[in-house]
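Asks: What follows is data-v4.cif, mmCIF, C-alpha atoms.
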```
data_upload
#
loop_
_atom_site.label_atom_id
_atom_site.label_comp_id
_atom_site.auth_asym_id
_atom_site.auth_seq_id
_atom_site.Cartn_x
_atom_site.Cartn_y
_atom_site.Cartn_z
CA MET U 1 -30.61 34.80 -1.53
CA THR U 2 -29.15 38.29 -1.37
CA GLU U 3 -31.23 39.07 1.70
CA THR U 4 -30.03 35.90 3.43
CA VAL U 5 -26.38 36.74 2.83
CA ALA U 6 -26.86 40.31 3.99
CA ALA U 7 -28.65 39.18 7.15
CA ALA U 8 -25.82 36.81 8.01
CA ARG U 9 -23.24 39.58 7.98
CA PRO U 10 -22.62 41.70 11.08
CA HIS U 11 -23.77 45.29 10.83
CA LEU U 12 -20.94 47.76 10.28
CA SER U 13 -22.23 49.83 13.20
CA SER U 14 -21.89 46.89 15.61
CA HIS U 15 -18.18 47.66 16.17
CA LEU U 16 -17.90 51.21 14.83
CA PRO U 17 -16.92 53.81 17.47
CA SER U 18 -18.66 57.16 17.51
CA LEU U 19 -17.26 59.97 15.39
CA GLY U 20 -16.83 62.04 18.54
CA ALA U 21 -14.60 59.39 20.10
CA LEU U 22 -12.56 59.01 16.92
CA ALA U 23 -12.12 62.77 16.52
CA ALA U 24 -11.02 63.10 20.15
CA PHE U 25 -8.55 60.25 19.78
CA GLU U 26 -7.12 61.58 16.49
CA ALA U 27 -6.59 65.06 17.91
CA ALA U 28 -4.99 63.70 21.11
CA ALA U 29 -2.76 61.39 19.05
CA ARG U 30 -1.68 64.23 16.75
CA HIS U 31 -0.87 66.63 19.61
CA LEU U 32 0.19 63.99 22.14
CA SER U 33 -1.77 66.14 24.55
CA PHE U 34 -5.32 65.86 25.86
CA THR U 35 -5.21 69.56 26.74
CA ARG U 36 -4.35 70.72 23.23
CA ALA U 37 -6.88 68.29 21.74
CA ALA U 38 -9.54 69.79 24.00
CA GLU U 39 -8.62 73.31 22.86
CA GLU U 40 -8.82 72.31 19.20
CA LEU U 41 -12.23 70.64 19.57
CA ALA U 42 -13.65 73.21 22.02
CA LEU U 43 -14.12 70.56 24.71
CA THR U 44 -12.80 70.08 28.21
CA GLN U 45 -9.77 67.95 28.94
CA GLY U 46 -12.01 65.66 30.95
CA ALA U 47 -14.29 65.15 27.95
CA ILE U 48 -11.34 64.16 25.75
CA SER U 49 -10.12 61.76 28.44
CA ARG U 50 -13.57 60.15 28.74
CA GLN U 51 -13.90 59.79 24.96
CA VAL U 52 -10.50 58.12 24.68
CA ALA U 53 -11.12 55.85 27.67
CA GLY U 54 -14.46 54.83 26.20
CA LEU U 55 -12.82 54.09 22.84
CA GLU U 56 -10.14 51.95 24.48
CA ALA U 57 -12.81 50.05 26.40
CA GLN U 58 -14.91 49.49 23.26
CA ILE U 59 -12.09 48.10 21.13
CA GLY U 60 -10.23 46.41 23.98
CA VAL U 61 -6.88 47.93 23.05
CA LYS U 62 -4.71 50.35 24.98
CA LEU U 63 -3.98 53.35 22.77
CA PHE U 64 -2.00 55.65 25.07
CA GLU U 65 0.62 55.25 27.77
CA ARG U 66 0.07 57.76 30.57
CA VAL U 67 3.18 58.71 32.54
CA ARG U 68 2.76 61.57 35.03
CA GLN U 69 1.48 64.52 33.00
CA ARG U 70 2.51 63.16 29.58
CA VAL U 71 0.87 60.78 27.13
CA THR U 72 2.49 58.75 24.38
CA LEU U 73 0.98 56.43 21.82
CA THR U 74 1.35 52.69 22.10
CA ALA U 75 2.40 50.84 18.96
CA ALA U 76 -1.24 49.89 18.38
CA GLY U 77 -2.30 53.47 19.03
CA ALA U 78 0.12 54.88 16.47
CA ALA U 79 -1.06 52.45 13.79
CA TYR U 80 -4.72 53.12 14.62
CA ALA U 81 -4.19 56.89 14.58
CA ALA U 82 -2.89 56.78 10.99
CA GLU U 83 -5.93 54.76 9.86
CA VAL U 84 -8.40 56.96 11.75
CA ARG U 85 -6.81 60.13 10.37
CA GLY U 86 -7.22 58.85 6.81
CA ALA U 87 -10.82 57.81 7.46
CA LEU U 88 -11.76 61.19 8.95
CA ARG U 89 -10.07 62.98 6.06
CA GLY U 90 -12.08 60.86 3.62
CA LEU U 91 -15.34 61.61 5.42
CA SER U 92 -14.56 65.30 5.38
CA ALA U 93 -13.79 65.25 1.64
CA ALA U 94 -16.93 63.24 0.89
CA THR U 95 -19.07 65.69 2.85
CA LEU U 96 -17.57 68.70 1.09
CA ASN U 97 -18.08 67.04 -2.28
CA VAL U 98 -21.73 66.21 -1.73
CA MET U 99 -22.37 69.72 -0.39
CA ALA U 100 -20.63 71.36 -3.35
CA PHE U 101 -22.26 69.27 -6.06
CA ARG U 102 -25.61 68.51 -4.38
CA GLY U 103 -25.04 64.78 -4.87
CA ALA U 104 -24.45 64.96 -8.65
CA GLY U 105 -21.04 64.86 -10.29
CA GLY U 106 -18.39 65.58 -7.69
CA VAL U 107 -14.61 65.43 -7.47
CA LEU U 108 -12.56 62.49 -8.74
CA ASP U 109 -9.10 62.12 -7.20
CA LEU U 110 -7.27 60.15 -9.88
CA ALA U 111 -3.78 58.65 -9.73
CA ILE U 112 -2.24 58.35 -13.20
CA LEU U 113 0.91 57.11 -14.85
CA PRO U 114 2.70 60.36 -15.74
CA THR U 115 3.46 59.80 -19.43
CA PHE U 116 0.17 58.03 -20.11
CA GLY U 117 -1.58 60.96 -18.46
CA THR U 118 0.18 63.71 -20.38
CA ARG U 119 0.42 61.96 -23.76
CA TRP U 120 -2.86 60.03 -23.95
CA LEU U 121 -5.42 60.90 -21.27
CA ILE U 122 -5.25 64.68 -20.83
CA PRO U 123 -5.53 65.51 -24.57
CA ARG U 124 -8.83 63.57 -24.60
CA LEU U 125 -10.25 65.09 -21.40
CA PRO U 126 -12.11 67.97 -23.07
CA ARG U 127 -14.57 65.37 -24.37
CA PHE U 128 -15.15 64.14 -20.83
CA THR U 129 -15.59 67.59 -19.31
CA GLU U 130 -18.03 68.53 -22.06
CA ALA U 131 -20.13 65.45 -21.34
CA HIS U 132 -19.79 65.74 -17.53
CA PRO U 133 -19.37 69.41 -16.56
CA GLY U 134 -20.26 68.63 -12.94
CA VAL U 135 -17.20 66.41 -12.40
CA THR U 136 -13.81 67.86 -11.45
CA ILE U 137 -10.74 65.60 -11.75
CA ASN U 138 -7.71 66.11 -9.51
CA PHE U 139 -4.54 64.39 -10.67
CA ALA U 140 -1.65 62.76 -8.84
CA THR U 141 1.11 60.63 -10.36
CA ARG U 142 1.79 57.09 -9.20
CA VAL U 143 3.90 54.55 -11.06
CA ARG U 144 3.24 51.59 -8.78
CA PRO U 145 0.21 50.12 -6.95
CA PHE U 146 -0.63 51.73 -3.61
CA ASP U 147 -3.10 51.46 -0.72
CA PHE U 148 -6.29 53.34 -1.65
CA ALA U 149 -7.40 53.54 1.99
CA ARG U 150 -4.14 55.13 3.08
CA GLU U 151 -3.66 57.57 0.18
CA GLY U 152 -7.27 58.59 -0.37
CA HIS U 153 -7.44 58.42 -4.18
CA ASP U 154 -10.74 57.42 -5.78
CA ALA U 155 -9.29 55.61 -8.80
CA ALA U 156 -6.06 54.97 -10.67
CA ILE U 157 -4.71 54.09 -14.09
CA HIS U 158 -2.51 51.02 -13.64
CA PHE U 159 -0.18 49.20 -16.02
CA GLY U 160 0.64 45.59 -15.33
CA GLU U 161 -1.17 42.44 -14.33
CA PRO U 162 -4.81 42.64 -13.15
CA ILE U 163 -3.76 42.32 -9.53
CA TRP U 164 -4.85 44.89 -6.94
CA PRO U 165 -6.33 43.47 -3.71
CA GLY U 166 -9.67 44.94 -2.67
CA ALA U 167 -10.18 46.81 -5.94
CA LYS U 168 -12.14 46.43 -9.17
CA LEU U 169 -10.19 46.48 -12.43
CA HIS U 170 -11.34 47.22 -15.99
CA ARG U 171 -9.01 46.46 -18.89
CA LEU U 172 -8.45 49.53 -21.04
CA MET U 173 -5.94 48.42 -23.68
CA GLY U 174 -2.72 46.63 -24.39
CA GLU U 175 0.29 48.19 -26.07
CA GLU U 176 2.81 47.64 -28.83
CA ILE U 177 6.39 48.43 -27.88
CA VAL U 178 8.99 49.45 -30.46
CA PRO U 179 12.67 50.46 -30.47
CA VAL U 180 13.23 54.15 -31.24
CA ALA U 181 16.28 56.36 -31.62
CA SER U 182 17.33 59.72 -32.98
CA PRO U 183 18.09 59.76 -36.73
CA ALA U 184 21.66 60.85 -35.93
CA LEU U 185 22.26 57.84 -33.67
CA VAL U 186 20.80 55.48 -36.29
CA ALA U 187 23.13 56.88 -38.93
CA ARG U 188 26.21 56.97 -36.70
CA HIS U 189 25.86 53.33 -35.60
CA ARG U 190 24.39 52.05 -38.88
CA LEU U 191 21.36 50.50 -37.21
CA VAL U 192 19.97 48.33 -39.99
CA GLU U 193 18.95 45.02 -38.44
CA PRO U 194 17.96 43.90 -34.90
CA ALA U 195 21.42 42.52 -34.08
CA ASP U 196 22.81 46.04 -34.39
CA VAL U 197 21.14 47.09 -31.11
CA LEU U 198 23.85 45.16 -29.27
CA ARG U 199 26.34 47.89 -30.30
CA VAL U 200 24.55 50.85 -28.68
CA PRO U 201 23.46 51.73 -25.13
CA LEU U 202 19.92 50.54 -24.40
CA LEU U 203 17.96 53.10 -22.36
CA GLN U 204 16.13 51.60 -19.38
CA GLN U 205 12.68 52.40 -17.96
CA ALA U 206 12.55 51.73 -14.22
CA THR U 207 9.04 50.27 -14.08
CA ARG U 208 9.62 48.04 -17.15
CA PRO U 209 12.88 46.29 -16.23
CA ARG U 210 12.26 43.34 -18.60
CA ALA U 211 11.09 45.25 -21.68
CA TRP U 212 14.41 44.99 -23.52
CA GLU U 213 14.87 41.40 -22.44
CA GLN U 214 11.50 40.51 -23.97
CA TRP U 215 12.19 42.36 -27.23
CA LEU U 216 15.69 40.92 -27.64
CA GLY U 217 14.44 37.41 -26.90
CA GLU U 218 11.69 37.70 -29.53
CA ALA U 219 14.32 38.96 -32.01
CA GLY U 220 16.46 35.87 -31.33
CA LEU U 221 19.18 37.86 -29.54
CA ASP U 222 20.92 37.17 -26.24
CA PRO U 223 19.97 39.87 -23.67
CA ALA U 224 23.23 39.20 -21.82
CA ARG U 225 25.19 40.68 -24.76
CA ALA U 226 23.33 44.01 -24.62
CA THR U 227 24.89 47.24 -23.29
CA PRO U 228 22.72 48.73 -20.51
CA GLY U 229 22.28 52.48 -20.74
CA PRO U 230 20.94 55.03 -18.23
CA ARG U 231 17.73 54.22 -16.36
CA PHE U 232 14.81 56.64 -16.08
CA GLU U 233 11.65 56.72 -13.97
CA GLN U 234 9.25 57.92 -16.69
CA PHE U 235 8.71 57.17 -20.36
CA ALA U 236 8.75 60.91 -21.16
CA MET U 237 12.32 61.05 -19.85
CA VAL U 238 13.28 57.92 -21.78
CA ALA U 239 11.88 59.41 -24.98
CA GLN U 240 13.71 62.71 -24.43
CA ALA U 241 16.96 60.85 -23.76
CA ALA U 242 16.50 59.00 -27.05
CA VAL U 243 15.87 62.31 -28.87
CA ALA U 244 19.12 63.61 -27.35
CA GLY U 245 20.99 60.62 -28.76
CA LEU U 246 21.88 58.97 -25.45
CA GLY U 247 20.91 55.54 -26.71
CA LEU U 248 18.19 53.35 -28.12
CA ALA U 249 14.86 53.29 -26.26
CA ILE U 250 12.04 50.80 -26.26
CA VAL U 251 8.69 52.45 -25.67
CA PRO U 252 4.96 52.02 -26.33
CA ARG U 253 4.38 53.29 -29.86
CA PHE U 254 1.34 55.40 -28.92
CA LEU U 255 3.36 57.38 -26.35
CA VAL U 256 5.88 58.68 -28.91
CA GLU U 257 3.60 59.38 -31.86
CA ASP U 258 4.38 63.12 -31.71
CA GLU U 259 8.16 62.52 -31.86
CA LEU U 260 7.75 60.04 -34.72
CA ARG U 261 5.61 62.47 -36.72
CA ALA U 262 8.13 65.28 -36.10
CA GLY U 263 11.01 63.05 -37.21
CA VAL U 264 13.06 63.57 -34.05
CA LEU U 265 12.68 59.85 -33.36
CA VAL U 266 12.60 57.00 -35.84
CA ILE U 267 11.98 53.27 -35.65
CA PRO U 268 15.19 51.80 -37.13
CA PHE U 269 13.68 48.33 -37.67
CA ASP U 270 9.96 47.77 -37.35
CA ARG U 271 9.98 44.73 -35.11
CA PRO U 272 7.18 45.54 -32.63
CA SER U 273 6.53 43.44 -29.58
CA ARG U 274 3.17 43.06 -27.90
CA SER U 275 3.39 43.70 -24.17
CA ARG U 276 2.23 40.84 -21.97
CA GLU U 277 0.61 43.36 -19.63
CA ALA U 278 -2.09 46.00 -20.08
CA TYR U 279 -3.52 49.31 -18.86
CA TRP U 280 -6.31 49.09 -16.29
CA LEU U 281 -8.75 51.41 -14.58
CA VAL U 282 -8.70 50.55 -10.87
CA TYR U 283 -10.85 51.75 -7.98
CA PRO U 284 -11.93 50.48 -4.54
CA GLU U 285 -15.07 48.34 -4.63
CA GLU U 286 -16.86 50.65 -2.21
CA LYS U 287 -16.43 53.61 -4.60
CA ALA U 288 -17.91 51.94 -7.67
CA ALA U 289 -21.25 53.75 -7.32
CA LEU U 290 -19.86 57.25 -6.73
CA PRO U 291 -21.20 59.50 -9.53
CA ALA U 292 -17.74 60.82 -10.48
CA VAL U 293 -16.21 57.33 -10.57
CA ALA U 294 -19.12 55.89 -12.55
CA ALA U 295 -19.06 58.73 -15.08
CA PHE U 296 -15.30 58.49 -15.62
CA ARG U 297 -15.43 54.69 -15.88
CA GLU U 298 -18.10 54.68 -18.59
CA TRP U 299 -16.38 57.45 -20.56
CA LEU U 300 -12.91 55.87 -20.35
CA LEU U 301 -14.14 52.40 -21.36
CA ALA U 302 -15.87 53.95 -24.37
CA GLU U 303 -12.67 55.84 -25.32
CA THR U 304 -10.58 52.67 -25.24
CA ALA U 305 -13.17 50.32 -26.75
#
```
Produce structure tokens that represent the structure in this file.

Replies:
Amino acid sequence: MTETVAAARPHLSSHLPSLGALAAFEAAARHLSFTRAAEELALTQGAISRQVAGLEAQIGVKLFERVRQRVTLTAAGAAYAAEVRGALRGLSAATLNVMAFRGAGGVLDLAILPTFGTRWLIPRLPRFTEAHPGVTINFATRVRPFDFAREGHDAAIHFGEPIWPGAKLHRLMGEEIVPVASPALVARHRLVEPADVLRVPLLQQATRPRAWEQWLGEAGLDPARATPGPRFEQFAMVAQAAVAGLGLAIVPRFLVEDELRAGVLVIPFDRPSRSREAYWLVYPEEKAALPAVAAFREWLLAETA
């Protein structure tokens, strides 16, 4: 059955232009000059022109407007150039990786949630590097879903619903969210029971706009009566603002364990709320078999089991 399905699909190479044509087009698009593209690629201007003309004929789309001695990209050409540039960059990175690691291990370009990365993931990474010394992880921070093809990352840690078109998702864990504040703020405002939160500023986390609404609703309180406080992009900033006494924060318990142990934050009333969303490992389907992705996936799932 697998063979029948595969035979029914068109071969990828049936509509794939040559790398030479794509490289010529990308260079010409970047420089807006066939002459400068030819200099960069050590070709003649005529060769660049023939490659681009052949590419336009193959895909049936006009990529450049030619006016006297100048060329400009059409709208389709500009969009195609961005995609081709990303694809060529990915091929270059893949080639360098396989050369450097002889096909084993490799480099994992990972997008992480900043506070989750610094508070939970990075402290555990020595165990991964000990088990997989041939894998190098490069980190970038992303707080919202993005286009893997455009940004070039191999995988990401995502919080939210299991929705990411064209990607595979593995559930890592849920979270328990709790209200926290500095001991001084708790004492000053006499925070004893849940209703007391309505008398203090509630610190906001930009990517969790409904966190307080959920907690207040579960506590039987009207969110409309709450006093909104400052809004922050990252949980680390929210936690630090709470330590400074700027208001009451609501955060995942595991992200503020250090502050709770040190006593600079306290939970004034232990009314935790289970988040309706979860943390996920996400990666493009076509990268599932990459050694670095596979090694990180198996390790991370074991860590969060």

Asks: Under the rule that only C-alpha atoms are counted, which of U:Ala131, U:Gly54, U:Glu26, U:Ile177 is the nearest residue to U:Gly86?

Replies: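 Among the listed residues, U:Glu26 lies closest to U:Gly86.
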
Asks: At what distance in Å, to one decimal, does atom CA of U:Arg208 lie from atom CA of U:Ser182?

Replies: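 Atom-to-atom, atom CA of U:Ser182 to atom CA of U:Arg208, that is 21.1 Å.
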
Asks: Contacts between stretch 111-123 of chain U and stretch 186-266 of chain U, please, where a residue of stretch 186-266 of chain U counts if it comes within 10 Å (with all atoms listed in the file); show its shortest atom pair and distance in Å to one decimal, rows by chain and ascending number, as JSON lines.

Replies:
```
{"residue": "U:Glu233", "atom": "CA", "partner": "U:Pro114", "partner_atom": "CA", "distance": 9.8}
{"residue": "U:Gln234", "atom": "CA", "partner": "U:Thr115", "partner_atom": "CA", "distance": 6.7}
{"residue": "U:Phe235", "atom": "CA", "partner": "U:Thr115", "partner_atom": "CA", "distance": 5.9}
{"residue": "U:Ala236", "atom": "CA", "partner": "U:Thr115", "partner_atom": "CA", "distance": 5.7}
{"residue": "U:Met237", "atom": "CA", "partner": "U:Thr115", "partner_atom": "CA", "distance": 9.0}
{"residue": "U:Pro252", "atom": "CA", "partner": "U:Phe116", "partner_atom": "CA", "distance": 9.9}
{"residue": "U:Phe254", "atom": "CA", "partner": "U:Trp120", "partner_atom": "CA", "distance": 8.0}
{"residue": "U:Leu255", "atom": "CA", "partner": "U:Arg119", "partner_atom": "CA", "distance": 6.0}
{"residue": "U:Val256", "atom": "CA", "partner": "U:Arg119", "partner_atom": "CA", "distance": 8.2}
{"residue": "U:Glu257", "atom": "CA", "partner": "U:Arg119", "partner_atom": "CA", "distance": 9.1}
{"residue": "U:Asp258", "atom": "CA", "partner": "U:Arg119", "partner_atom": "CA", "distance": 9.0}
```

Asks: Between atom CA of U:Ala29 and atom CA of U:Ile48, what distance in Å does the model show, to one decimal?

Replies: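 Here the two named atoms are 11.2 Å from each other.
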
Asks: If I take atom CA of U:Thr129 and atom CA of U:Ile163, how far is one from the other in Å, to one decimal?

Replies: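 Answer for the atom CA of U:Thr129 to atom CA of U:Ile163 separation: 29.6 Å.
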
Asks: When the PyMOL selection byres ((chain U and resi 219) around 12) is applied to the file above, which residues end up in the set, as a PyMOL selection string?

Replies: chain U and resi 178-179+193-198+212-218+220-223+269-273

Asks: I need every residue sitting at most 12 Å from the point (-0.6, 53.5, 16.2) (coordinates as in the file, all atoms listed in the file considered), written as number ranges by chain.

Replies: U: 25-26, 29-30, 61-65, 72-85

Asks: In terms of the shortest atom-to-atom distance over all atoms listed in the file, which of U:Ala93, U:Glu298, U:Val186, U:Gly247 is closest to U:Ala226?

Replies: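 Ranked by minimum distance to U:Ala226, first place goes to U:Gly247.
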
Asks: If you apply the PyMOL selection byres ((chain U and resi 135-150) around 9) to this file, what residues do you get, as a VMD selection string?

Replies: chain U and resid 82 to 83 86 to 87 90 101 104 to 114 117 128 to 129 132 to 134 151 to 159 164 167 207 233 to 234 283 to 284 291 to 292 295 to 296

Asks: Which residues, written as an mmCIF file with C-alpha atoms, in the frame of the given file, have at least one atom at most 9 Å from stretch 38-43 of chain U, with all atoms listed in the file counted and residues fewer than 2 positions away on the same chain left out?

Replies:
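Result went into out.cif, see below:
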```
data_model
loop_
_atom_site.group_PDB
_atom_site.id
_atom_site.type_symbol
_atom_site.label_atom_id
_atom_site.label_comp_id
_atom_site.auth_asym_id
_atom_site.auth_seq_id
_atom_site.Cartn_x
_atom_site.Cartn_y
_atom_site.Cartn_z
ATOM 1 C CA ALA U 23 -12.120 62.770 16.520
ATOM 2 C CA ALA U 24 -11.020 63.100 20.150
ATOM 3 C CA ALA U 27 -6.590 65.060 17.910
ATOM 4 C CA ALA U 28 -4.990 63.700 21.110
ATOM 5 C CA SER U 33 -1.770 66.140 24.550
ATOM 6 C CA PHE U 34 -5.320 65.860 25.860
ATOM 7 C CA THR U 35 -5.210 69.560 26.740
ATOM 8 C CA ARG U 36 -4.350 70.720 23.230
ATOM 9 C CA GLN U 45 -9.770 67.950 28.940
ATOM 10 C CA GLY U 46 -12.010 65.660 30.950
ATOM 11 C CA ALA U 47 -14.290 65.150 27.950
ATOM 12 C CA ILE U 48 -11.340 64.160 25.750
#
```

Asks: If we count all atoms listed in the file, what is near U:Ala242 at a cut-off of 8 Å, once residues fewer than 2 positions away on the same chain are taken out, given as a PDB file with C-alpha atoms, in the coordinates of the input?

Replies:
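Final output, out.pdb:
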```pdb
ATOM      1  CA  VAL U 180      13.230  54.150 -31.240  1.00  0.00           C
ATOM      2  CA  ALA U 181      16.280  56.360 -31.620  1.00  0.00           C
ATOM      3  CA  SER U 182      17.330  59.720 -32.980  1.00  0.00           C
ATOM      4  CA  LEU U 203      17.960  53.100 -22.360  1.00  0.00           C
ATOM      5  CA  VAL U 238      13.280  57.920 -21.780  1.00  0.00           C
ATOM      6  CA  ALA U 239      11.880  59.410 -24.980  1.00  0.00           C
ATOM      7  CA  GLN U 240      13.710  62.710 -24.430  1.00  0.00           C
ATOM      8  CA  ALA U 244      19.120  63.610 -27.350  1.00  0.00           C
ATOM      9  CA  GLY U 245      20.990  60.620 -28.760  1.00  0.00           C
ATOM     10  CA  LEU U 246      21.880  58.970 -25.450  1.00  0.00           C
ATOM     11  CA  GLY U 247      20.910  55.540 -26.710  1.00  0.00           C
ATOM     12  CA  LEU U 248      18.190  53.350 -28.120  1.00  0.00           C
ATOM     13  CA  ALA U 249      14.860  53.290 -26.260  1.00  0.00           C
ATOM     14  CA  LEU U 265      12.680  59.850 -33.360  1.00  0.00           C
TER      15      LEU U 265
END
```

Asks: Assuming 8 Å of padding per side, give the centre and edge lengths of the axis-aligned box around every listed atom of stretch 178-183 of chain U, in Å to one decimal and as JSON.

Replies:
```
{"center_x": 13.5, "center_y": 54.6, "center_z": -33.6, "size_x": 25.1, "size_y": 26.3, "size_z": 22.3}
```

Asks: Write out as a short mmCIF file (atom, residue, chain, number, x, y, z; two decimals) with C-alpha atoms, in the coordinates of the input which residues come within 8 Å of U:Trp280 when counting only C-alpha atoms, dropping same-chain ones fewer than 5 positions away.

Replies:
```
data_model
loop_
_atom_site.label_atom_id
_atom_site.label_comp_id
_atom_site.auth_asym_id
_atom_site.auth_seq_id
_atom_site.Cartn_x
_atom_site.Cartn_y
_atom_site.Cartn_z
CA ILE U 157 -4.71 54.09 -14.09
CA HIS U 158 -2.51 51.02 -13.64
CA PHE U 159 -0.18 49.20 -16.02
CA GLY U 160 0.64 45.59 -15.33
CA PRO U 162 -4.81 42.64 -13.15
CA LEU U 169 -10.19 46.48 -12.43
CA HIS U 170 -11.34 47.22 -15.99
CA ARG U 171 -9.01 46.46 -18.89
CA LEU U 172 -8.45 49.53 -21.04
CA MET U 173 -5.94 48.42 -23.68
#
```

Asks: Hey, which of U:Leu202, U:Leu290, U:Leu32, U:Ala53 ends up closest to U:Gln69? Count all atoms listed in the file.

Replies: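 Distance minimum relative to U:Gln69 lands on U:Leu32.
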